[in-house]
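One file, data02.cif, carrying mmCIF, C-alpha atoms:
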data_protein
loop_
_atom_site.label_atom_id
_atom_site.label_comp_id
_atom_site.auth_asym_id
_atom_site.auth_seq_id
_atom_site.Cartn_x
_atom_site.Cartn_y
_atom_site.Cartn_z
CA MET A 190 -10.96 36.14 7.48
CA VAL A 191 -8.95 38.71 9.39
CA THR A 192 -10.15 42.27 9.87
CA LYS A 193 -7.70 45.13 10.44
CA ASN A 194 -8.32 45.17 14.21
CA LYS A 195 -8.01 41.40 14.51
CA GLN A 196 -4.79 41.43 12.51
CA LYS A 197 -3.15 43.58 15.20
CA SER A 198 -3.74 40.85 17.81
CA LEU A 199 -2.68 38.00 15.52
CA LYS A 200 0.26 36.11 17.03
CA ALA A 201 0.35 32.78 15.20
CA ILE A 202 -0.74 31.02 12.03
CA PHE A 203 -1.65 27.34 11.85
CA PHE A 204 -1.42 25.51 8.53
CA ASP A 205 -3.07 22.31 7.42
CA ALA A 206 -0.60 20.02 5.64
CA VAL A 207 -1.85 17.97 2.65
CA GLY A 208 -3.69 20.12 0.13
CA THR A 209 -2.48 23.30 1.80
CA LEU A 210 1.32 23.10 1.93
CA PHE A 211 1.99 20.11 -0.30
CA TYR A 212 0.42 17.39 -2.44
CA LEU A 213 1.09 13.85 -3.64
CA THR A 214 3.13 13.71 -6.85
CA LYS A 215 0.81 10.96 -8.18
CA THR A 216 -2.45 9.38 -7.04
CA VAL A 217 -2.48 7.13 -3.99
CA GLY A 218 -3.20 4.21 -6.33
CA ASP A 219 -0.14 5.03 -8.43
CA HIS A 220 2.06 5.04 -5.35
CA TYR A 221 0.56 1.79 -4.06
CA ALA A 222 1.12 0.16 -7.46
CA LEU A 223 4.74 1.36 -7.39
CA VAL A 224 5.23 -0.18 -3.96
CA GLY A 225 3.73 -3.41 -5.27
CA SER A 226 6.10 -3.46 -8.25
CA GLU A 227 9.07 -3.13 -5.87
CA LEU A 228 7.87 -6.33 -4.22
CA GLY A 229 7.25 -8.16 -7.49
CA LEU A 230 3.48 -7.66 -7.32
CA THR A 231 1.36 -6.51 -10.25
CA LEU A 232 -1.38 -4.26 -8.91
CA ASP A 233 -3.81 -2.03 -10.80
CA ALA A 234 -3.35 1.64 -9.88
CA HIS A 235 -6.94 2.61 -10.76
CA GLU A 236 -8.40 -0.22 -8.70
CA LEU A 237 -6.15 0.70 -5.77
CA ASP A 238 -7.17 4.33 -6.02
CA ARG A 239 -10.88 3.53 -5.97
CA ALA A 240 -10.37 1.08 -3.13
CA PHE A 241 -8.43 3.63 -1.09
CA TYR A 242 -11.20 6.22 -1.17
CA THR A 243 -13.87 3.61 -0.47
CA ALA A 244 -11.83 2.26 2.45
CA SER A 245 -11.14 5.74 3.82
CA ALA A 246 -14.88 6.44 3.92
CA LYS A 247 -15.41 3.23 5.92
CA MET A 248 -12.91 4.15 8.64
CA PRO A 249 -15.00 5.34 11.61
CA PRO A 250 -14.36 8.74 13.21
CA ARG A 251 -12.43 8.54 16.46
CA SER A 252 -13.21 10.27 19.71
CA ALA A 253 -10.49 12.32 21.37
CA ILE A 254 -8.41 10.55 24.01
CA ASN A 255 -6.16 11.88 26.75
CA GLY A 256 -2.69 11.61 25.28
CA PRO A 257 -1.03 10.21 22.17
CA ARG A 258 -2.64 7.43 20.17
CA GLU A 259 -1.04 3.99 20.26
CA ASP A 260 1.99 3.32 17.98
CA ASP A 261 1.84 6.75 16.27
CA ASP A 262 -1.30 5.56 14.44
CA LYS A 263 0.60 2.89 12.50
CA GLY A 264 -2.05 0.34 13.45
CA TRP A 265 -4.75 2.63 12.08
CA TRP A 266 -2.93 2.85 8.75
CA ARG A 267 -2.53 -0.93 8.71
CA GLU A 268 -6.29 -1.33 9.12
CA LEU A 269 -6.90 1.09 6.24
CA VAL A 270 -4.43 -0.65 3.93
CA ASP A 271 -5.99 -4.03 4.74
CA LEU A 272 -9.36 -2.66 3.63
CA VAL A 273 -7.78 -1.42 0.40
CA LEU A 274 -6.17 -4.78 -0.34
CA ASP A 275 -9.40 -6.62 0.50
CA GLN A 276 -10.98 -4.79 -2.43
CA ALA A 277 -8.14 -4.41 -4.92
CA ALA A 278 -5.86 -7.40 -4.24
CA HIS A 279 -7.82 -9.88 -2.14
CA SER A 280 -5.75 -12.87 -3.30
CA LEU A 281 -2.51 -11.62 -1.72
CA SER A 282 -1.04 -13.87 0.94
CA LYS A 283 -0.57 -12.63 4.51
CA LEU A 284 3.18 -12.40 3.92
CA ASP A 285 2.69 -10.26 0.82
CA ARG A 286 0.22 -8.07 2.70
CA ASP A 287 2.65 -7.62 5.59
CA ASN A 288 5.51 -6.74 3.25
CA PHE A 289 3.33 -4.41 1.21
CA PHE A 290 2.21 -2.48 4.26
CA GLU A 291 5.69 -2.04 5.73
CA VAL A 292 7.17 -0.83 2.44
CA ALA A 293 4.18 1.44 1.74
CA TYR A 294 4.35 2.94 5.22
CA GLU A 295 7.99 3.93 4.69
CA HIS A 296 7.37 4.98 1.10
CA PHE A 297 5.02 7.82 2.07
CA ALA A 298 7.75 9.43 4.18
CA GLU A 299 10.35 9.37 1.40
CA ALA A 300 11.68 12.31 -0.60
CA GLY A 301 9.96 12.83 -3.95
CA VAL A 302 6.61 11.39 -2.93
CA TRP A 303 5.23 14.79 -1.93
CA GLU A 304 5.69 18.18 -3.62
CA ALA A 305 5.28 21.64 -2.09
CA TYR A 306 2.96 24.05 -3.89
CA PRO A 307 5.01 26.60 -5.86
CA GLU A 308 4.29 29.59 -3.64
CA VAL A 309 4.76 27.89 -0.27
CA PHE A 310 8.44 28.59 0.38
CA GLY A 311 8.19 32.29 -0.50
CA VAL A 312 5.01 32.78 1.54
CA LEU A 313 6.50 31.13 4.63
CA GLU A 314 9.61 33.30 4.28
CA LYS A 315 7.41 36.39 4.50
CA LEU A 316 5.29 35.15 7.38
CA GLU A 317 7.92 33.59 9.64
CA PRO A 318 9.52 36.86 10.85
CA ARG A 319 6.11 38.23 11.88
CA PHE A 320 4.20 35.25 13.27
CA GLN A 321 4.68 32.00 15.13
CA LEU A 322 4.00 29.32 12.52
CA ALA A 323 2.78 25.77 13.14
CA VAL A 324 1.37 22.83 11.20
CA ILE A 325 -1.77 21.08 12.48
CA SER A 326 -2.73 17.91 10.65
CA ASN A 327 -4.48 14.53 10.78
CA PHE A 328 -1.13 12.84 10.27
CA ASP A 329 1.55 11.11 12.33
CA GLY A 330 5.23 11.57 13.11
CA ARG A 331 6.22 10.96 9.47
CA LEU A 332 5.00 14.48 8.73
CA ARG A 333 8.19 15.93 10.20
CA LEU A 334 10.31 13.95 7.71
CA ILE A 335 8.12 15.14 4.85
CA LEU A 336 8.51 18.78 5.90
CA GLU A 337 12.28 18.28 6.07
CA HIS A 338 12.41 16.71 2.60
CA LEU A 339 10.44 19.67 1.25
CA GLY A 340 12.83 22.15 2.85
CA ILE A 341 10.16 23.95 4.88
CA SER A 342 10.46 22.43 8.37
CA LYS A 343 12.66 25.34 9.48
CA PHE A 344 9.72 27.74 9.27
CA PHE A 345 7.56 25.94 11.84
CA GLU A 346 8.01 26.21 15.59
CA HIS A 347 5.56 23.39 16.17
CA VAL A 348 4.12 20.43 14.27
CA PHE A 349 0.86 19.23 15.82
CA VAL A 350 -0.24 15.83 14.52
CA SER A 351 -3.40 14.02 15.53
CA SER A 352 -1.55 10.83 16.48
CA GLU A 353 0.31 12.73 19.21
CA ILE A 354 -2.41 15.20 20.19
CA GLY A 355 -4.98 12.43 20.61
CA ALA A 356 -7.69 14.18 18.61
CA ASP A 357 -8.49 14.33 14.89
CA LYS A 358 -9.96 17.12 12.79
CA PRO A 359 -12.85 17.95 12.52
CA ASP A 360 -12.97 17.63 16.32
CA PRO A 361 -12.23 21.18 17.56
CA GLU A 362 -10.32 19.57 20.44
CA ILE A 363 -7.20 19.23 18.28
CA PHE A 364 -7.15 23.02 17.95
CA ALA A 365 -7.92 23.61 21.63
CA ARG A 366 -5.04 21.38 22.74
CA SER A 367 -2.62 22.99 20.29
CA LEU A 368 -3.59 26.45 21.53
CA LYS A 369 -3.02 25.37 25.12
CA PHE A 370 0.45 24.10 24.21
CA ILE A 371 1.55 27.45 22.76
CA ASP A 372 -0.36 29.44 25.40
CA LEU A 373 -2.37 31.60 23.00
CA LYS A 374 -6.05 32.51 22.84
CA PRO A 375 -8.16 31.39 19.87
CA ASN A 376 -8.56 34.95 18.56
CA GLN A 377 -4.77 35.30 18.41
CA VAL A 378 -4.41 32.48 15.90
CA LEU A 379 -5.37 32.17 12.22
CA HIS A 380 -5.87 28.72 10.71
CA VAL A 381 -5.20 28.15 7.01
CA GLY A 382 -6.66 25.06 5.36
CA ASP A 383 -8.45 23.72 2.31
CA ASP A 384 -11.13 21.45 3.78
CA VAL A 385 -14.58 22.84 4.59
CA ASN A 386 -15.26 20.57 7.58
CA ARG A 387 -11.84 19.63 8.91
CA ASP A 388 -10.33 23.09 8.56
CA TRP A 389 -12.86 25.88 8.14
CA LYS A 390 -15.71 24.68 10.36
CA ALA A 391 -13.53 22.90 12.94
CA ALA A 392 -11.16 25.84 13.45
CA ALA A 393 -14.06 28.29 13.60
CA ALA A 394 -15.79 26.09 16.19
CA ALA A 395 -12.63 26.29 18.30
CA GLY A 396 -12.73 30.09 18.05
CA LEU A 397 -9.81 30.56 15.66
CA LEU A 398 -9.76 32.99 12.78
CA ILE A 399 -9.74 31.21 9.42
CA PHE A 400 -8.38 31.69 5.93
CA LYS A 401 -10.38 29.63 3.46
CA LEU A 402 -7.92 28.16 0.99
CA ASP A 403 -9.57 26.89 -2.19
CA ARG A 404 -6.91 26.08 -4.75
CA GLN A 405 -9.44 26.35 -7.56
CA THR A 406 -9.80 30.07 -6.85
CA ASN A 407 -6.93 31.26 -4.62
CA SER A 408 -3.54 30.36 -3.13
CA LEU A 409 -1.37 31.20 -0.15
CA ARG A 410 -0.28 34.34 -1.99
CA ASP A 411 -3.76 35.65 -1.29
CA LEU A 412 -3.13 35.11 2.42
CA VAL A 413 -0.07 37.36 2.24
CA ALA A 414 -2.04 39.96 0.31
CA HIS A 415 -4.87 39.82 2.85
CA LEU A 416 -2.45 40.32 5.75
CA LYS A 417 -0.92 43.23 3.81
CA LEU A 418 2.66 42.04 4.27
#
As structure tokens, the full file:
Amino acid sequence: MVTKNKQKSLKAIFFDAVGTLFYLTKTVGDHYALVGSELGLTLDAHELDRAFYTASAKMPPRSAINGPREDDDKGWWRELVDLVLDQAAHSLSKLDRDNFFEVAYEHFAEAGVWEAYPEVFGVLEKLEPRFQLAVISNFDGRLRLILEHLGISKFFEHVFVSSEIGADKPDPEIFARSLKFIDLKPNQVLHVGDDVNRDWKAAAAAGLLIFKLDRQTNSLRDLVAHLKL
């Protein structure tokens, strides 16, 4: 959290994306089933949902590299989707798999798939005149389209995504590289996120101040109240 003295030196606020600024309108499985229906495939949303979380847990953590990751991480997403389909739709042909992935990849950048939390726009309006705002996320270039669809891209001077930074949360390196880009010290930046390891511990390890967002107990309105704006 930010004490009164630390608040005076605060220059910028980083925000996590999913779970902090916005959320999926339905489950991942629901969206995958919708994509399947567009291609004439009948897929079970519950099976897809279970398979997605099982597959996500199997994807190994990646070490930081010097520079952007290959193909904006599209290959990484393809590997994940293949693991999902192996479990939930193993009988699909290669052609159906290829088509499913391409349509699904575009689908998750479309308007209406994500929804901003109710307080987000108003909170960003209050913060933007006072602080440099940025998003820092384990995402790829599609995040910029999502922020535009949600009408909040105008508030952020920078969007730092792991596919371009070359490091993923919870590696503190993603924060260190972002700080270097905006030429600020860790104690001049507050990170806001909802994940214990990827946001709270990782940002703290990089020396940033943190606001622990837990949507069961608080919201971004509490951030504004804490900063006394």
Near-range 282-287 of chain A list (10 Å; all atoms listed in the file; drop same-chain fewer than 2 positions) as a list in words: Gly225, Leu228, Gly229, Leu230, Arg267, Val270, Asp271, Leu274, Asp275, Ala278, His279, Ser280, Phe289, Phe290, Glu291, Val292 and Ala293 of chain A
Residue IDs satisfying the PyMOL selection byres ((chain A and resi 409) around 7), as number ranges by chain: A: 308-309, 312, 408, 410-413
Test item: residues at most 12 Å from Lys358 in chain A, only C-alpha atoms, excluding those fewer than 6 positions along its chain, as a ChimeraX atom specification: /A:205,250-253,325-328,349-352,364-366,382,384-395
Atom pair CA of Leu418 in chain A / CA of Lys315 in chain A: separation (Å):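 About the pair CA of Leu418 in chain A and CA of Lys315 in chain A: they are 7.4 Å apart.
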One-decimal distance in Å that lies between CA of Ile371 in chain A and CA of His415 in chain A: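 According to the coordinates, CA of His415 in chain A and CA of Ile371 in chain A are separated by 24.3 Å.
The space between CA of Asp260 in chain A and CA of Leu332 in chain A spans 14.8 Å.
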